[in-house]
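Enquirer: I am sharing model.tsv, which consists of TSV, C-alpha atoms and all ligand atoms:
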chain	number	residue	atom	x	y	z
A	1	MET	CA	36.07	107.80	-178.64
A	2	GLN	CA	34.75	105.67	-181.46
A	3	VAL	CA	32.90	102.52	-180.46
A	4	SER	CA	32.03	99.94	-183.04
A	5	ILE	CA	29.33	97.67	-181.68
A	6	TYR	CA	27.87	94.44	-183.04
A	7	ARG	CA	24.16	94.81	-183.69
A	8	TYR	CA	21.68	92.10	-184.47
A	9	ASN	CA	17.96	92.03	-183.94
A	10	PRO	CA	16.54	88.84	-185.43
A	11	ASP	CA	13.12	90.49	-185.84
A	12	THR	CA	14.33	93.30	-188.06
A	13	ASP	CA	17.87	92.54	-189.28
A	14	GLU	CA	18.64	90.04	-191.98
A	15	ALA	CA	22.26	89.81	-190.90
A	16	PRO	CA	24.38	91.16	-188.06
A	17	TRP	CA	26.06	94.51	-188.69
A	18	MET	CA	28.53	96.80	-186.98
A	19	GLN	CA	27.34	100.19	-185.78
A	20	ASP	CA	29.87	103.00	-185.29
A	21	VAL	CA	29.01	105.32	-182.43
A	22	ASP	CA	30.93	108.32	-181.14
A	23	VAL	CA	30.90	108.33	-177.37
A	24	ASP	CA	31.95	111.31	-175.26
A	25	ILE	CA	34.16	110.03	-172.51
A	26	PRO	CA	34.32	112.35	-169.47
A	27	ALA	CA	37.84	113.75	-169.27
A	28	GLY	CA	40.26	112.52	-166.64
A	29	ARG	CA	38.44	109.31	-165.79
A	30	ASP	CA	39.18	105.74	-166.74
A	31	LEU	CA	35.71	104.31	-167.31
A	32	MET	CA	34.94	100.63	-167.42
A	33	VAL	CA	33.65	99.22	-170.69
A	34	LEU	CA	30.29	98.61	-169.01
A	35	ASP	CA	30.06	102.35	-168.23
A	36	VAL	CA	30.54	103.04	-171.93
A	37	LEU	CA	27.75	100.60	-172.77
A	38	GLU	CA	25.47	102.36	-170.26
A	39	LEU	CA	26.35	105.72	-171.84
A	40	MET	CA	25.46	104.32	-175.24
A	41	LYS	CA	22.24	102.77	-173.98
A	42	SER	CA	21.14	106.08	-172.49
A	43	LYS	CA	21.20	107.45	-176.07
A	44	ASP	CA	19.90	104.37	-177.85
A	45	ALA	CA	17.76	102.15	-175.63
A	46	SER	CA	17.67	99.36	-178.23
A	47	ILE	CA	21.28	98.31	-177.52
A	48	SER	CA	21.12	94.99	-175.66
A	49	TYR	CA	23.59	93.34	-173.31
A	50	ARG	CA	23.51	91.43	-170.05
A	51	ARG	CA	24.75	92.88	-166.77
A	52	SER	CA	23.85	92.67	-163.16
A	53	CYS	CA	26.37	93.16	-160.36
A	54	ARG	CA	28.68	95.62	-162.20
A	55	GLU	CA	31.59	94.46	-160.04
A	56	GLY	CA	32.88	91.22	-161.55
A	57	VAL	CA	30.88	88.86	-159.37
A	58	CYS	CA	27.85	87.66	-161.31
A	59	GLY	CA	29.56	86.76	-164.57
A	60	SER	CA	26.78	88.02	-166.82
A	61	ASP	CA	28.57	90.64	-168.90
A	62	GLY	CA	31.21	88.59	-170.66
A	63	VAL	CA	31.84	90.27	-174.04
A	64	ASN	CA	34.54	90.47	-176.64
A	65	MET	CA	36.39	93.79	-176.42
A	66	ASN	CA	38.87	94.62	-179.18
A	67	GLY	CA	39.20	90.91	-179.84
A	68	ARG	CA	39.60	89.83	-176.23
A	69	ASN	CA	37.00	88.22	-174.01
A	70	GLY	CA	36.42	89.70	-170.59
A	71	LEU	CA	33.90	91.17	-168.19
A	72	ALA	CA	32.84	94.62	-169.36
A	73	CYS	CA	32.28	95.82	-165.79
A	74	ILE	CA	35.85	95.32	-164.57
A	75	THR	CA	37.73	96.05	-167.78
A	76	PRO	CA	38.97	99.65	-167.79
A	77	LEU	CA	39.15	101.45	-171.14
A	78	SER	CA	42.86	102.05	-170.60
A	79	GLU	CA	43.37	98.30	-170.77
A	80	VAL	CA	41.61	97.56	-174.05
A	81	VAL	CA	41.18	100.71	-176.15
A	82	LYS	CA	43.64	101.02	-178.99
A	83	LYS	CA	43.96	104.15	-181.14
A	84	ASP	CA	40.89	105.64	-179.49
A	85	ARG	CA	38.76	102.83	-180.85
A	86	LEU	CA	36.80	100.06	-179.16
A	87	VAL	CA	35.18	97.16	-180.98
A	88	LEU	CA	32.51	95.34	-178.99
A	89	ARG	CA	31.27	91.93	-180.07
A	90	PRO	CA	29.36	89.13	-178.36
A	91	LEU	CA	31.34	86.20	-176.97
A	92	PRO	CA	32.52	84.19	-179.99
A	93	GLY	CA	31.20	80.77	-180.90
A	94	LEU	CA	27.77	80.91	-179.25
A	95	PRO	CA	24.51	81.69	-181.07
A	96	VAL	CA	23.59	85.37	-180.80
A	97	ILE	CA	20.15	86.16	-179.42
A	98	ARG	CA	20.44	89.89	-179.87
A	99	ASP	CA	23.34	92.38	-180.02
A	100	LEU	CA	25.78	91.33	-177.29
A	101	VAL	CA	23.45	88.75	-175.74
A	102	VAL	CA	24.40	85.15	-176.52
A	103	ASP	CA	22.59	81.88	-175.99
A	104	MET	CA	24.54	80.08	-173.24
A	105	THR	CA	22.59	76.78	-173.47
A	106	GLN	CA	25.49	74.81	-174.92
A	107	PHE	CA	27.86	76.20	-172.30
A	108	PHE	CA	25.60	75.18	-169.42
A	109	ARG	CA	24.83	71.82	-170.97
A	110	GLN	CA	28.55	71.04	-170.73
A	111	TYR	CA	28.57	72.29	-167.15
A	112	GLU	CA	25.60	70.06	-166.35
A	113	LYS	CA	27.44	67.04	-167.79
A	114	ILE	CA	30.18	67.13	-165.17
A	115	GLN	CA	27.54	66.88	-162.42
A	116	PRO	CA	28.55	70.01	-160.54
A	117	TYR	CA	27.37	68.96	-157.12
A	118	LEU	CA	28.83	66.99	-154.24
A	119	GLN	CA	28.18	63.25	-154.36
A	120	ASN	CA	28.76	61.14	-151.30
A	121	ASP	CA	27.45	57.61	-150.81
A	122	LYS	CA	28.19	57.43	-147.09
A	123	PRO	CA	25.43	58.11	-144.55
A	124	ALA	CA	25.12	61.80	-143.80
A	125	PRO	CA	26.70	62.77	-140.45
A	126	ALA	CA	24.59	64.46	-137.79
A	127	THR	CA	26.07	67.88	-138.39
A	128	GLU	CA	28.35	68.35	-141.39
A	129	ARG	CA	31.11	66.74	-143.44
A	130	LEU	CA	34.32	68.28	-142.16
A	131	GLN	CA	37.43	69.07	-144.15
A	132	SER	CA	40.90	69.76	-142.84
A	133	PRO	CA	42.36	73.15	-143.80
A	134	GLU	CA	44.70	71.30	-146.19
A	135	GLU	CA	41.80	69.53	-147.90
A	136	ARG	CA	39.94	72.80	-148.18
A	137	GLU	CA	42.99	74.46	-149.68
A	138	LYS	CA	42.83	72.09	-152.65
A	139	LEU	CA	39.68	73.85	-153.81
A	140	ASP	CA	41.40	77.23	-154.07
A	141	GLY	CA	41.72	78.45	-157.63
A	142	LEU	CA	38.75	76.26	-158.59
A	143	TYR	CA	35.68	77.30	-156.62
A	144	GLU	CA	36.05	81.00	-157.54
A	145	CYS	CA	34.78	80.48	-161.09
A	146	ILE	CA	31.73	82.62	-161.85
A	147	LEU	CA	30.78	80.78	-165.07
A	148	CYS	CA	31.11	83.87	-167.22
A	149	ALA	CA	32.08	81.71	-170.24
A	150	CYS	CA	34.92	84.04	-171.26
A	151	CYS	CA	37.30	81.06	-171.28
A	152	SER	CA	35.22	78.46	-173.12
A	153	THR	CA	34.24	80.95	-175.83
A	154	ALA	CA	37.92	81.83	-176.34
A	155	CYS	CA	38.83	78.18	-176.81
A	156	PRO	CA	39.14	76.93	-180.42
A	157	SER	CA	38.46	73.35	-179.33
A	158	PHE	CA	35.17	74.52	-177.81
A	159	TRP	CA	34.31	76.44	-181.00
A	160	TRP	CA	34.87	73.30	-183.10
A	161	ASN	CA	33.13	70.82	-180.81
A	162	PRO	CA	30.89	72.70	-178.36
A	163	ASP	CA	28.61	69.67	-178.06
A	164	LYS	CA	31.37	67.16	-177.28
A	165	PHE	CA	34.27	68.98	-175.62
A	166	ILE	CA	33.40	70.05	-172.07
A	167	GLY	CA	35.43	73.22	-172.40
A	168	PRO	CA	37.72	74.93	-169.88
A	169	ALA	CA	34.98	76.26	-167.57
A	170	GLY	CA	33.27	72.88	-167.22
A	171	LEU	CA	36.59	71.07	-166.80
A	172	LEU	CA	37.75	73.47	-164.12
A	173	GLN	CA	34.58	72.57	-162.21
A	174	ALA	CA	35.03	68.88	-162.99
A	175	TYR	CA	38.39	69.08	-161.29
A	176	ARG	CA	36.89	71.07	-158.42
A	177	PHE	CA	34.69	68.05	-157.59
A	178	LEU	CA	37.39	65.50	-158.37
A	179	SER	CA	39.63	67.09	-155.79
A	180	ASP	CA	36.99	67.56	-153.10
A	181	SER	CA	37.74	65.28	-150.14
A	182	ARG	CA	34.02	64.99	-149.40
A	183	ASP	CA	33.13	63.63	-152.84
A	184	THR	CA	33.13	59.84	-153.26
A	185	ALA	CA	32.21	59.65	-156.95
A	186	THR	CA	35.77	60.22	-158.20
A	187	ALA	CA	36.07	56.97	-160.16
A	188	ALA	CA	32.70	57.38	-161.86
A	189	ARG	CA	33.46	61.01	-162.67
A	190	LEU	CA	36.77	60.02	-164.26
A	191	ALA	CA	35.16	57.20	-166.23
A	192	ASP	CA	32.73	59.73	-167.68
A	193	LEU	CA	35.60	61.87	-168.94
A	194	ASP	CA	37.72	59.17	-170.55
A	195	ASP	CA	36.57	59.56	-174.13
A	196	PRO	CA	38.46	61.25	-176.98
A	197	PHE	CA	36.43	64.46	-176.72
A	198	SER	CA	35.39	65.51	-173.21
A	199	VAL	CA	38.87	66.28	-171.85
A	200	PHE	CA	41.31	65.23	-174.53
A	201	ARG	CA	40.19	67.81	-177.07
A	202	CYS	CA	42.10	70.34	-175.01
A	203	ARG	CA	45.18	71.15	-177.03
A	204	GLY	CA	46.83	73.28	-174.39
A	205	ILE	CA	46.45	76.53	-176.31
A	206	MET	CA	45.86	78.35	-173.01
A	207	ASN	CA	43.52	81.00	-174.41
A	208	CYS	CA	41.35	80.16	-171.41
A	209	VAL	CA	44.07	81.11	-168.95
A	210	SER	CA	44.86	84.36	-170.70
A	211	VAL	CA	41.27	85.65	-170.63
A	212	CYS	CA	39.89	84.43	-167.29
A	213	PRO	CA	38.82	87.59	-165.42
A	214	LYS	CA	39.21	85.77	-162.14
A	215	GLY	CA	42.79	84.79	-162.87
A	216	LEU	CA	41.99	81.08	-162.78
A	217	ASN	CA	43.94	78.42	-164.66
A	218	PRO	CA	41.72	75.85	-166.44
A	219	THR	CA	44.69	74.43	-168.38
A	220	ARG	CA	46.38	73.38	-165.15
A	221	ALA	CA	43.15	71.78	-163.90
A	222	ILE	CA	42.85	69.91	-167.21
A	223	GLY	CA	46.43	68.70	-166.78
A	224	HIS	CA	45.51	67.40	-163.32
A	225	ILE	CA	42.47	65.59	-164.74
A	226	LYS	CA	44.64	63.93	-167.41
A	227	HIS	CA	47.06	62.91	-164.70
A	228	MET	CA	44.24	61.40	-162.61
A	229	LEU	CA	42.95	59.53	-165.67
A	230	LEU	CA	46.45	58.23	-166.28
A	231	GLN	CA	46.79	57.03	-162.71
A	232	GLN	CA	43.41	55.39	-162.76
A	233	GLY	CA	44.13	53.79	-166.14
A	234	THR	CA	47.43	52.20	-165.12
B	1	MET	CA	30.85	60.14	-172.14
B	2	VAL	CA	31.04	60.96	-175.82
B	3	THR	CA	31.41	57.91	-177.99
B	4	ASN	CA	32.82	57.70	-181.47
B	5	ALA	CA	33.39	54.53	-183.44
B	6	THR	CA	36.22	55.76	-185.66
B	7	SER	CA	38.68	56.94	-183.05
B	8	LEU	CA	41.59	54.53	-182.75
B	9	THR	CA	40.79	53.12	-179.30
B	10	ARG	CA	37.59	54.98	-178.32
B	11	SER	CA	39.34	56.00	-175.13
B	12	GLY	CA	40.79	59.47	-174.99
B	13	LEU	CA	43.41	58.28	-172.55
B	14	SER	CA	44.59	55.38	-174.71
B	15	ASP	CA	44.72	57.58	-177.80
B	16	PHE	CA	46.68	60.11	-175.76
B	17	ILE	CA	49.19	57.51	-174.56
B	18	ILE	CA	49.59	55.96	-178.01
B	19	GLN	CA	50.17	59.42	-179.45
B	20	ARG	CA	52.96	60.09	-176.93
B	21	VAL	CA	54.62	56.67	-177.15
B	22	SER	CA	54.55	56.62	-180.96
B	23	ALA	CA	56.07	60.09	-181.00
B	24	LEU	CA	58.86	58.80	-178.78
B	25	ILE	CA	59.50	55.81	-181.07
B	26	LEU	CA	59.57	58.05	-184.14
B	27	GLY	CA	61.96	60.42	-182.36
B	28	LEU	CA	64.35	57.58	-181.51
B	29	TYR	CA	64.11	56.20	-185.03
B	30	THR	CA	64.95	59.59	-186.50
B	31	ILE	CA	67.97	59.90	-184.21
B	32	CYS	CA	69.08	56.40	-185.16
B	33	ILE	CA	68.86	57.01	-188.92
B	34	THR	CA	70.39	60.49	-188.69
B	35	GLY	CA	73.20	59.14	-186.52
B	36	PHE	CA	73.93	56.39	-189.00
B	37	LEU	CA	73.99	58.84	-191.92
B	38	LEU	CA	76.31	61.21	-190.04
B	39	LEU	CA	78.68	58.45	-188.95
B	40	THR	CA	78.88	56.94	-192.43
B	41	PRO	CA	80.57	59.54	-194.63
B	42	ASP	CA	80.87	57.51	-197.83
B	43	LEU	CA	77.55	55.82	-197.88
B	44	ASP	CA	76.86	53.43	-200.72
B	45	TYR	CA	74.04	51.07	-201.55
B	46	ALA	CA	75.71	48.01	-200.03
B	47	THR	CA	76.27	49.68	-196.64
B	48	TRP	CA	72.70	50.97	-196.62
B	49	VAL	CA	71.30	47.52	-197.38
B	50	ALA	CA	73.56	45.88	-194.80
B	51	PHE	CA	72.45	48.44	-192.20
B	52	HIS	CA	68.79	47.66	-192.85
B	53	GLY	CA	69.40	43.93	-193.20
B	54	GLY	CA	69.97	43.24	-189.50
B	55	THR	CA	66.99	41.73	-187.71
B	56	TRP	CA	67.05	44.38	-185.00
B	57	MET	CA	66.93	47.15	-187.54
B	58	GLN	CA	64.12	45.39	-189.39
B	59	LEU	CA	62.14	45.14	-186.15
B	60	PHE	CA	62.88	48.76	-185.29
B	61	SER	CA	61.78	49.91	-188.74
B	62	THR	CA	58.58	47.89	-188.45
B	63	LEU	CA	57.89	49.44	-185.08
B	64	ALA	CA	58.51	52.91	-186.50
B	65	VAL	CA	56.19	52.27	-189.44
B	66	LEU	CA	53.40	51.06	-187.16
B	67	ALA	CA	54.00	53.98	-184.78
B	68	LEU	CA	53.73	56.41	-187.66
B	69	ALA	CA	50.50	54.81	-188.87
B	70	ALA	CA	48.90	54.96	-185.40
B	71	HIS	CA	50.17	58.48	-184.82
B	72	ALA	CA	48.86	59.63	-188.18
B	73	TRP	CA	45.48	57.97	-187.72
B	74	ILE	CA	44.87	59.66	-184.36
B	75	GLY	CA	46.08	62.98	-185.68
B	76	MET	CA	44.07	62.85	-188.90
B	77	TRP	CA	40.99	61.68	-187.02
B	78	THR	CA	41.32	64.62	-184.65
B	79	VAL	CA	41.72	67.08	-187.51
B	80	GLY	CA	38.75	65.49	-189.30
B	81	THR	CA	36.44	65.70	-186.31
B	82	ASP	CA	37.56	69.28	-185.65
B	83	TYR	CA	36.92	70.63	-189.13
B	84	ILE	CA	34.61	68.33	-191.08
B	85	ARG	CA	31.50	69.04	-189.06
B	86	GLU	CA	27.79	69.70	-189.46
B	87	HIS	CA	28.49	73.36	-188.77
B	88	TYR	CA	30.16	73.75	-192.18
B	89	PHE	CA	28.73	70.91	-194.22
B	90	GLY	CA	25.26	70.33	-192.78
B	91	GLN	CA	23.83	66.85	-193.08
B	92	ARG	CA	26.58	65.71	-195.42
B	93	ALA	CA	29.33	66.17	-192.82
B	94	THR	CA	29.25	62.52	-191.74
B	95	VAL	CA	29.51	61.33	-195.34
B	96	PHE	CA	32.40	63.71	-196.06
B	97	ARG	CA	34.17	62.70	-192.86
B	98	SER	CA	33.74	59.02	-193.69
B	99	ILE	CA	35.20	59.54	-197.17
B	100	TYR	CA	38.10	61.45	-195.63
B	101	MET	CA	38.76	58.69	-193.09
B	102	VAL	CA	38.55	55.98	-195.77
B	103	ILE	CA	41.14	57.88	-197.82
B	104	CYS	CA	43.37	58.20	-194.74
B	105	ALA	CA	42.97	54.50	-193.99
B	106	GLY	CA	43.78	53.60	-197.59
B	107	VAL	CA	46.92	55.73	-197.67
B	108	LEU	CA	48.10	54.37	-194.33
B	109	PHE	CA	47.41	50.79	-195.38
B	110	VAL	CA	49.44	51.18	-198.56
B	111	PHE	CA	52.19	52.90	-196.59
B	112	VAL	CA	52.41	50.12	-194.00
B	113	ALA	CA	52.13	47.25	-196.50
B	114	TRP	CA	54.68	48.76	-198.85
B	115	SER	CA	57.13	49.59	-196.04
B	116	LEU	CA	56.94	46.10	-194.60
B	117	GLN	CA	57.47	44.65	-198.05
B	118	ILE	CA	60.60	46.76	-198.45
B	119	PHE	CA	62.04	46.23	-194.99
B	120	TRP	CA	61.42	42.48	-194.96
B	121	ARG	CA	62.14	41.97	-198.68
B	122	LEU	CA	58.88	40.20	-199.29
C	1	LIG	S1	37.22	79.86	-165.44
C	1	LIG	FE1	37.33	82.09	-165.46
C	1	LIG	S2	36.77	82.67	-167.56
C	1	LIG	FE2	36.12	80.58	-167.26
C	1	LIG	S3	33.98	80.72	-166.67
C	1	LIG	FE3	35.21	80.61	-164.79
C	1	LIG	S4	35.58	82.72	-164.22
C	1	LIG	FE4	34.88	82.75	-166.33
C	2	LIG	S1	44.14	75.18	-172.88
C	2	LIG	FE1	42.59	73.70	-173.53
C	2	LIG	S2	40.71	74.44	-172.66
C	2	LIG	FE2	42.16	76.15	-172.55
C	2	LIG	S3	41.78	77.34	-174.42
C	2	LIG	FE3	43.35	75.84	-174.85
C	2	LIG	S4	42.34	74.04	-175.71
C	2	LIG	FE4	40.82	75.32	-174.68
C	3	LIG	S1	28.02	92.74	-164.35
C	3	LIG	FE1	28.36	91.08	-162.99
C	3	LIG	S2	30.31	90.38	-163.63
C	3	LIG	FE2	30.06	92.18	-164.81
Take the structure in the file and give it back as structure tokens.
Ligand code: SF4
Ligand code: SF4
Ligand code: FES
Expert:
Amino acid sequence: MQVSIYRYNPDTDEAPWMQDVDVDIPAGRDLMVLDVLELMKSKDASISYRRSCREGVCGSDGVNMNGRNGLACITPLSEVVKKDRLVLRPLPGLPVIRDLVVDMTQFFRQYEKIQPYLQNDKPAPATERLQSPEEREKLDGLYECILCACCSTACPSFWWNPDKFIGPAGLLQAYRFLSDSRDTATAARLADLDDPFSVFRCRGIMNCVSVCPKGLNPTRAIGHIKHMLLQQGT
Amino acid sequence: MVTNATSLTRSGLSDFIIQRVSALILGLYTICITGFLLLTPDLDYATWVAFHGGTWMQLFSTLAVLALAAHAWIGMWTVGTDYIREHYFGQRATVFRSIYMVICAGVLFVFVAWSLQIFWRL
């Protein structure tokens, strides 16, 4: 199979370039894209990418495979390879550090902005803050996010305004804390989001939904946030 | 909170609501005009003037003109802040964006003033 991989080493390369590599795929097996990267790295140790858990849990190996963002470790070749060819690029829109490794600072800065931790101004109870099963259920489809950045780097609004628009990943987490029964900072959180950029730059393109490897739906969460803003505003 | 002086209301929510309400007004206005044109087979100048001469129609037209101006401003501002950015233009982006917004404002001002002049025969 032919793999075309994005190469860039700021120390030696003036500009990024695409390297074509022929990779022998063992017959009769559907490898994951990460396996292919490992095969390539065993031949050329200079190829750089991030990975850790190799099972879709850590969120470190988000890459762009044949034009689609996803986690290399849980994306089988059969799902992405077209005409026996695989093009591997770093996640779009973020500065490239080297090869497939991107600088996630901007992504995490947006995450930081939504204050991703529980805030409660009531005195702490002796044991714990309890939730009913129904209240807990509201966090389903939100807490599972592994911050892989596949969604935000597939979002045109995030490409255009990565410093102002929170992006789908951050907004999904914003809603996770807005809908937590134990959090008492709802009004302040909403007030922080009511500018023309943070939430309202979402144009409902739904690229985020189509690429999320965890099957989450940031667009729906953004809709809920808009609805909450509307209710608070009227 | 991201602030920006040139957005219409500085609140994303208000801009959002204005965008939806103005779209609704423009939709109704379009239906109204189209309906009139369809129901008036032999339209001549006198009928057209009489149709627009009623106070209600004058008010409706004014509302539609203002809705279009607000709608256009929010839309053009969004497009401007999406595409005229430091990423493409470096330090000059703010200057370019200001020029672009001044042109938009100028066009919209002329459009509103001229429309009101026509509809109210000033
Ligand atoms: S929402 Fe999905 S795609 Fe986005 S960061 Fe979380 S897990 Fe990744
Ligand atoms: S739905 Fe919103 S957040 Fe998701 S990709 Fe589209 S613009 Fe971005
Ligand atoms: S290596 Fe951890 S998610 Fe792929």
Enquirer: Using all atoms listed in the file, which residue out of A:Tyr143, A:Tyr175, A:Trp159, A:Phe108 lies closest to ligand LIG 2 (chain C)?
Expert: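 Closest to ligand LIG 2 (chain C), using all atoms listed in the file: A:Trp159.
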Enquirer: With distances taken over all atoms listed in the file, which of B:Ile25, B:Val2, B:Ala113, B:Ala46 is nearest to Leu63 in chain B?
Expert: B:Ile25
Enquirer: With distances taken over only C-alpha atoms, which residue among B:Ala64, B:Leu13, B:Ala105, B:Val110 lies nearest chain A?
Expert: B:Leu13
Enquirer: Given a cut-off of 12 Å, which residues of chain A touch chain B, counting all atoms listed in the file, written out as a PyMOL selection string?
Expert: chain A and resi 93+110+113-114+156-166+188-203+225-234
Enquirer: Using all atoms listed in the file, which of the listed residues (A:Thr127, A:Ser52, A:Ser181, A:Asn217) sits closest to ligand LIG 3 (chain C)?
Expert: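 Looking only at the distances to ligand LIG 3 (chain C), the closest residue turns out to be A:Ser52.
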Enquirer: Find the smallest box with edges along x, y and z containing every listed atom of ligand LIG 2 (chain C), then add 3 Å on each side and report centre and edge lengths in Å to one decimal, as JSON.
Expert:
{"center_x": 42.4, "center_y": 75.5, "center_z": -174.1, "size_x": 9.4, "size_y": 9.6, "size_z": 9.2}
Enquirer: Produce as a ChimeraX atom specification the set of residues near ligand LIG 2 (chain C), where near means within 6 Å with all atoms listed in the file considered.
Expert: /A:155,157,167-168,202-208,219
Enquirer: All residues within 6 Å of ligand LIG 3 (chain C) are required, counting all atoms listed in the file; please report them as a list in words.
Expert: Arg51, Ser52, Cys53, Arg54, Glu55, Gly56, Val57, Cys58, Gly59, Ser60, Asp61, Leu71, Ala72 and Cys73 of chain A
Enquirer: Would you name the residues within 8 Å of ligand LIG 1 (chain C), counting only C-alpha atoms and all ligand atoms, and put them as a ChimeraX atom specification?
Expert: /A:59,70,142,144-152,168-170,172,208-209,211-218
Enquirer: Create the file for the chosen residues now, containing C-alpha atoms and written as a PDB file, in the coordinates of the input.
Expert:
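Result file part.pdb:
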ATOM      1  CA  GLY A  59      29.560  86.760-164.570  1.00  0.00           C
ATOM      2  CA  GLY A  70      36.420  89.700-170.590  1.00  0.00           C
ATOM      3  CA  LEU A 142      38.750  76.260-158.590  1.00  0.00           C
ATOM      4  CA  GLU A 144      36.050  81.000-157.540  1.00  0.00           C
ATOM      5  CA  CYS A 145      34.780  80.480-161.090  1.00  0.00           C
ATOM      6  CA  ILE A 146      31.730  82.620-161.850  1.00  0.00           C
ATOM      7  CA  LEU A 147      30.780  80.780-165.070  1.00  0.00           C
ATOM      8  CA  CYS A 148      31.110  83.870-167.220  1.00  0.00           C
ATOM      9  CA  ALA A 149      32.080  81.710-170.240  1.00  0.00           C
ATOM     10  CA  CYS A 150      34.920  84.040-171.260  1.00  0.00           C
ATOM     11  CA  CYS A 151      37.300  81.060-171.280  1.00  0.00           C
ATOM     12  CA  SER A 152      35.220  78.460-173.120  1.00  0.00           C
ATOM     13  CA  PRO A 168      37.720  74.930-169.880  1.00  0.00           C
ATOM     14  CA  ALA A 169      34.980  76.260-167.570  1.00  0.00           C
ATOM     15  CA  GLY A 170      33.270  72.880-167.220  1.00  0.00           C
ATOM     16  CA  LEU A 172      37.750  73.470-164.120  1.00  0.00           C
ATOM     17  CA  CYS A 208      41.350  80.160-171.410  1.00  0.00           C
ATOM     18  CA  VAL A 209      44.070  81.110-168.950  1.00  0.00           C
ATOM     19  CA  VAL A 211      41.270  85.650-170.630  1.00  0.00           C
ATOM     20  CA  CYS A 212      39.890  84.430-167.290  1.00  0.00           C
ATOM     21  CA  PRO A 213      38.820  87.590-165.420  1.00  0.00           C
ATOM     22  CA  LYS A 214      39.210  85.770-162.140  1.00  0.00           C
ATOM     23  CA  GLY A 215      42.790  84.790-162.870  1.00  0.00           C
ATOM     24  CA  LEU A 216      41.990  81.080-162.780  1.00  0.00           C
ATOM     25  CA  ASN A 217      43.940  78.420-164.660  1.00  0.00           C
ATOM     26  CA  PRO A 218      41.720  75.850-166.440  1.00  0.00           C
TER      27      PRO A 218
END
Enquirer: For Leu108 in chain B, work out the shell of residues within 12 Å, counting only C-alpha atoms and skipping chain neighbours fewer than 6 positions away, then give it as a VMD selection string.
Expert: chain B and resid 65 to 74 76 101 to 102 114 to 115
Enquirer: Which residues come within 9 Å of Ile25 in chain A, counting only C-alpha atoms, excluding same-chain residues fewer than 3 positions away, as an MDAnalysis selection string?
Expert: chainID A and resid 1 28:31 36 39
Enquirer: For the selection you just gave me, I'd like the residues written to a file as a short mmCIF file (atom, residue, chain, number, x, y, z; two decimals), in the coordinates of the input, keeping C-alpha atoms.
Expert:
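Below is the file that was written, selection-v5.cif:
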data_model
loop_
_atom_site.label_atom_id
_atom_site.label_comp_id
_atom_site.auth_asym_id
_atom_site.auth_seq_id
_atom_site.Cartn_x
_atom_site.Cartn_y
_atom_site.Cartn_z
CA MET A 1 36.07 107.80 -178.64
CA GLY A 28 40.26 112.52 -166.64
CA ARG A 29 38.44 109.31 -165.79
CA ASP A 30 39.18 105.74 -166.74
CA LEU A 31 35.71 104.31 -167.31
CA VAL A 36 30.54 103.04 -171.93
CA LEU A 39 26.35 105.72 -171.84
#
Enquirer: Emit range 102-113 of chain B of the structure in the block as a file comprising N, CA and C atoms, as a CSV table (one decimal), in the first residue's frame.
Expert:
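Generated file (part.csv):
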chain,number,residue,atom,x,y,z
B,102,VAL,N,-16.2,50.2,7.1
B,102,VAL,CA,-16.6,51.6,6.8
B,102,VAL,C,-17.4,51.6,5.4
B,103,ILE,N,-16.8,50.8,4.5
B,103,ILE,CA,-17.5,50.7,3.2
B,103,ILE,C,-18.9,50.1,3.4
B,104,CYS,N,-19.0,49.0,4.2
B,104,CYS,CA,-20.3,48.4,4.5
B,104,CYS,C,-21.2,49.4,5.1
B,105,ALA,N,-20.7,50.1,6.1
B,105,ALA,CA,-21.6,51.1,6.8
B,105,ALA,C,-22.1,52.2,5.8
B,106,GLY,N,-21.2,52.6,4.9
B,106,GLY,CA,-21.5,53.6,3.9
B,106,GLY,C,-22.6,53.2,3.0
B,107,VAL,N,-22.4,51.9,2.5
B,107,VAL,CA,-23.4,51.4,1.5
B,107,VAL,C,-24.8,51.3,2.2
B,108,LEU,N,-24.7,50.7,3.5
B,108,LEU,CA,-26.0,50.5,4.2
B,108,LEU,C,-26.7,51.9,4.5
B,109,PHE,N,-25.9,52.9,4.9
B,109,PHE,CA,-26.4,54.2,5.2
B,109,PHE,C,-27.1,54.7,3.9
B,110,VAL,N,-26.5,54.7,2.8
B,110,VAL,CA,-27.1,55.2,1.6
B,110,VAL,C,-28.3,54.4,1.3
B,111,PHE,N,-28.3,53.1,1.4
B,111,PHE,CA,-29.4,52.2,1.1
B,111,PHE,C,-30.6,52.6,2.0
B,112,VAL,N,-30.4,52.8,3.3
B,112,VAL,CA,-31.5,53.1,4.2
B,112,VAL,C,-32.0,54.5,3.9
B,113,ALA,N,-31.1,55.5,3.8
B,113,ALA,CA,-31.5,56.9,3.6
B,113,ALA,C,-32.3,57.0,2.3
